[in-house]
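Enquirer: Submitted below is the structure of interest, expressed as structure tokens.
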Amino acid sequence: QNKKVKELLAPKVKAKPPKAGTGFGGGSSNKINMDPAVRLAAEMAKVMHKEGVLRINNVLTEETTDSLRKYVLEQQELAANETERDVTTSRTFYGVENRRKNRCDLQLSLLRGGFAADRSKSDCDGDGDSDSYESFALADALQELLGEDGTLRRLYENLVTPEGEFYELAAVITDPGSNRQTVHPDLPYQAKAPLYVIFLALQDVTVEMGPTSFFLRTHTSKANDIFNSGDKSQKDNQLLKSDCRLSTLKKGDAVMFDARTLHCGNANEKEDKGGRTRALFNFSFRNPEVQGDLGYKGSIRPGYEGAMSLKDVGDAMAAYG
């Protein structure tokens with residue numbers, strides 16, 4: 001395929017003005033309507049529903065992003081050492097990508113101290129105790145993203161409501177030499193969007209580092225039917241004609257995508273060709289309107305599965321302060 005791929009850009013979205021007749025004394029619904037963050041989130045959600053993908057710039061401050069990247073890579077080193085000593089512990093640390101060369105999904109611990117804290121206190125109860133959150137990089141990042149004034153809080157509330165399940169909590173890490181993924185959706189097609197996923201760049205992501213390619217507007221029933229038709233030429237033609245965008249991101253930028261959307265991580269080149277370790281903070285929330293098995297086991301530590309909602313995370317961040 002010689003088609004030049006365009007960069008995924010953040011859309012120019014503005015909050016619509018409040019509806020006429022709203023103002024003081026109008027009750028809680030009017031207060032929501034007057035909140036510019038809520039109105040902006042509503043416009044961003046429209047883009048998500050239409051395109052299946054949304055780039056959002058500057059969702060995390062530089063200082064917090066740097067601290068989170070350092071923390072994530074320290075956790076990866078610890079997990080790699082533990083797994084080398086005992087391969088049976090792999091599932092404790094890694095998710096769906098744990099067997100690919102130079103690529104992994106590192107499931108993150110919410111305990112202060114991360115994996116090292118497992119030795120002194122189990123994190124398998126998912127109790128959200130505020131004592132587990134005493135100042136550390138992961139909690140600081142979640143505070144900026146999903147706290148009361150978090151950069152992604154209102155958008156997620158719009159898409160999955162406060163009852164949306166915290167479905168994934170991980171870091172996607174690729175090292176120089178990792179291969180390109182095949183094009184795929186994260187889960188089998190369902191009529192309603194089941195899952196909204198975040199990839200947040202913990203450093204600048206260049207073309208040589210294997211940014212994710214997203215195929216816009218492929219989260220539809222029609223696109224799914226073609227992709228899974230079994231007709232290779234039809235599928236190849238679909239991908240060739242699709243509006244493919246490359247998520248070369250700046251540090252602290254994020255991409256949110258509907259998990260039904262076709263995408264693939266590209267090859268992270270060897271170091272002499274510009275490849276570098278690419279770390280993405282990865283989390284998602286599930287749409288509570290979609291019941292039953294999603295056909296996709298997200299990357300999250302076993303004790304956290306089904307244990308927390310968006311509201312629970314927000315409450316924990318309020319306690320964290």
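Ordering of the structure tokens sets the chain letters (A, B, ...); residue numbers start at 1 within each chain; ligands are numbered from 1 in the order shown.
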Within 8 Å of region 217-225 of chain A, counting only C-alpha atoms, which residues show up once you throw out same-chain ones fewer than 4 positions away? Write them as a list of chain:residue names, please.
Expert: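 So the residues in contact are A:Lys50, A:Glu51, A:Gly52, A:Val53, A:Tyr189, A:Ala191, A:Ser229, A:Ser242, A:Asp243, A:Asp258, A:Ala259, A:Arg260, A:Thr261, A:Leu262.
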Enquirer: Write a file of the just-selected residues containing all heavy atoms, as a compact mmCIF listing (two decimals), in the first residue's frame.
Expert:
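This is the output file part.txt:
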```txt
# COMPACT_ATOMS: atom_id res chain seq x y z
N LYS A 50 -19.25 9.67 15.63
CA LYS A 50 -19.16 9.72 14.17
C LYS A 50 -17.90 9.05 13.64
O LYS A 50 -17.97 8.23 12.70
CB LYS A 50 -19.18 11.18 13.71
CG LYS A 50 -19.06 11.34 12.21
CD LYS A 50 -19.02 12.81 11.80
CE LYS A 50 -18.82 12.95 10.30
NZ LYS A 50 -18.73 14.38 9.88
N GLU A 51 -16.74 9.38 14.22
CA GLU A 51 -15.46 8.94 13.67
C GLU A 51 -14.95 7.64 14.28
O GLU A 51 -14.17 6.92 13.66
CB GLU A 51 -14.40 10.04 13.87
CG GLU A 51 -14.78 11.40 13.30
CD GLU A 51 -14.77 11.40 11.78
OE1 GLU A 51 -14.26 10.45 11.17
OE2 GLU A 51 -15.28 12.38 11.20
N GLY A 52 -15.33 7.38 15.53
CA GLY A 52 -14.81 6.19 16.23
C GLY A 52 -13.47 6.43 16.87
O GLY A 52 -12.95 5.57 17.59
N VAL A 53 -12.87 7.60 16.63
CA VAL A 53 -11.54 7.95 17.14
C VAL A 53 -11.51 9.45 17.43
O VAL A 53 -12.08 10.24 16.68
CB VAL A 53 -10.43 7.61 16.10
CG1 VAL A 53 -9.05 7.91 16.69
CG2 VAL A 53 -10.51 6.17 15.65
N TYR A 189 -17.96 -7.26 17.08
CA TYR A 189 -18.89 -6.16 16.87
C TYR A 189 -20.15 -6.32 17.71
O TYR A 189 -20.70 -7.40 17.86
CB TYR A 189 -19.28 -6.06 15.39
CG TYR A 189 -20.23 -4.92 15.12
CD1 TYR A 189 -19.75 -3.62 15.00
CD2 TYR A 189 -21.60 -5.13 15.06
CE1 TYR A 189 -20.61 -2.55 14.81
CE2 TYR A 189 -22.48 -4.07 14.85
CZ TYR A 189 -21.97 -2.79 14.73
OH TYR A 189 -22.83 -1.74 14.55
N ALA A 191 -23.87 -3.79 18.49
CA ALA A 191 -24.61 -2.65 17.95
C ALA A 191 -24.32 -1.36 18.71
O ALA A 191 -24.21 -0.29 18.11
CB ALA A 191 -26.11 -2.94 17.96
N SER A 229 -15.97 -10.60 6.24
CA SER A 229 -16.68 -11.31 5.17
C SER A 229 -15.97 -12.58 4.72
O SER A 229 -16.58 -13.47 4.13
CB SER A 229 -16.86 -10.39 3.96
OG SER A 229 -15.60 -10.08 3.38
N SER A 242 -10.09 3.10 3.19
CA SER A 242 -10.46 3.69 4.47
C SER A 242 -9.64 4.94 4.78
O SER A 242 -8.51 5.10 4.29
CB SER A 242 -10.28 2.68 5.60
OG SER A 242 -11.22 1.65 5.53
N ASP A 243 -10.18 5.80 5.60
CA ASP A 243 -9.49 7.01 6.03
C ASP A 243 -8.58 6.65 7.20
O ASP A 243 -9.00 6.69 8.36
CB ASP A 243 -10.52 8.06 6.43
CG ASP A 243 -9.90 9.42 6.71
OD1 ASP A 243 -8.66 9.53 6.66
OD2 ASP A 243 -10.66 10.37 6.98
N ASP A 258 -13.30 4.06 20.09
CA ASP A 258 -14.33 3.04 20.23
C ASP A 258 -13.65 1.71 19.92
O ASP A 258 -13.03 1.54 18.86
CB ASP A 258 -15.44 3.35 19.22
CG ASP A 258 -16.60 2.39 19.23
OD1 ASP A 258 -16.38 1.18 19.48
OD2 ASP A 258 -17.74 2.82 18.94
N ALA A 259 -13.74 0.74 20.84
CA ALA A 259 -12.99 -0.52 20.70
C ALA A 259 -13.41 -1.35 19.49
O ALA A 259 -12.73 -2.32 19.14
CB ALA A 259 -13.12 -1.35 21.97
N ARG A 260 -14.49 -0.97 18.82
CA ARG A 260 -14.90 -1.66 17.59
C ARG A 260 -14.11 -1.16 16.37
O ARG A 260 -14.16 -1.77 15.30
CB ARG A 260 -16.39 -1.45 17.34
CG ARG A 260 -17.30 -1.95 18.44
CD ARG A 260 -18.75 -1.54 18.21
NE ARG A 260 -18.90 -0.08 18.23
CZ ARG A 260 -20.05 0.54 18.02
NH1 ARG A 260 -21.15 -0.16 17.77
NH2 ARG A 260 -20.11 1.87 18.06
N THR A 261 -13.39 -0.06 16.53
CA THR A 261 -12.68 0.58 15.43
C THR A 261 -11.45 -0.23 15.02
O THR A 261 -10.68 -0.70 15.86
CB THR A 261 -12.23 2.00 15.85
OG1 THR A 261 -13.39 2.76 16.19
CG2 THR A 261 -11.47 2.68 14.73
N LEU A 262 -11.24 -0.36 13.71
CA LEU A 262 -10.06 -1.06 13.20
C LEU A 262 -8.81 -0.21 13.47
O LEU A 262 -8.80 1.00 13.25
CB LEU A 262 -10.20 -1.31 11.71
CG LEU A 262 -11.36 -2.22 11.27
CD1 LEU A 262 -11.41 -2.33 9.74
CD2 LEU A 262 -11.25 -3.60 11.91
```
Enquirer: Need to verify the contact set: Thr248 (chain A), 12 Å, only C-alpha atoms, exclusion of same-chain residues closer than 2 positions in sequence. Can you return it as a ChimeraX atom specification?
Expert: /A:5-10,55,57,199-201,203-214,245-246,250-255,265-266,278,280
Enquirer: What does the distance from CA of Gly147 (chain A) to CA of Arg301 (chain A) come to in Å, to one decimal?
Expert: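 Separation of CA of Gly147 (chain A) and CA of Arg301 (chain A): 21.3 Å.
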Enquirer: From a backbone DSSP assignment, name each residue in region 121-246 of chain A labelled strand (DSSP E or B), as a list in words.
Expert: Glu165, Phe166, Tyr167, Glu168, Leu169, Ala170, Ala171, Val172, Ile173, Thr174, His184, Leu195, Tyr196, Val197, Ile198, Phe199, Leu200, Ala201, Thr212, Ser213, Phe214, Phe215, Leu216, Asp243, Cys244, Arg245 and Leu246 of chain A
Enquirer: Using only C-alpha atoms, can you tell me which of A:Met44, A:Leu169, A:Leu145, A:Val87 comes closest to Ser109 (chain A)?
Expert: A:Leu169
Enquirer: Find, counting only C-alpha atoms, the residue in A:Met34, A:Leu159, A:Val72, A:Leu110 that gets nearest to Glu289 (chain A).
Expert: A:Leu159
Enquirer: So which one's closest to Lys101 (chain A), A:Ile56, A:Leu202, A:Val197, A:Ile173? Using only C-alpha atoms, please.
Expert: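 The shortest atom-to-atom distance to Lys101 (chain A) comes from A:Ile173.
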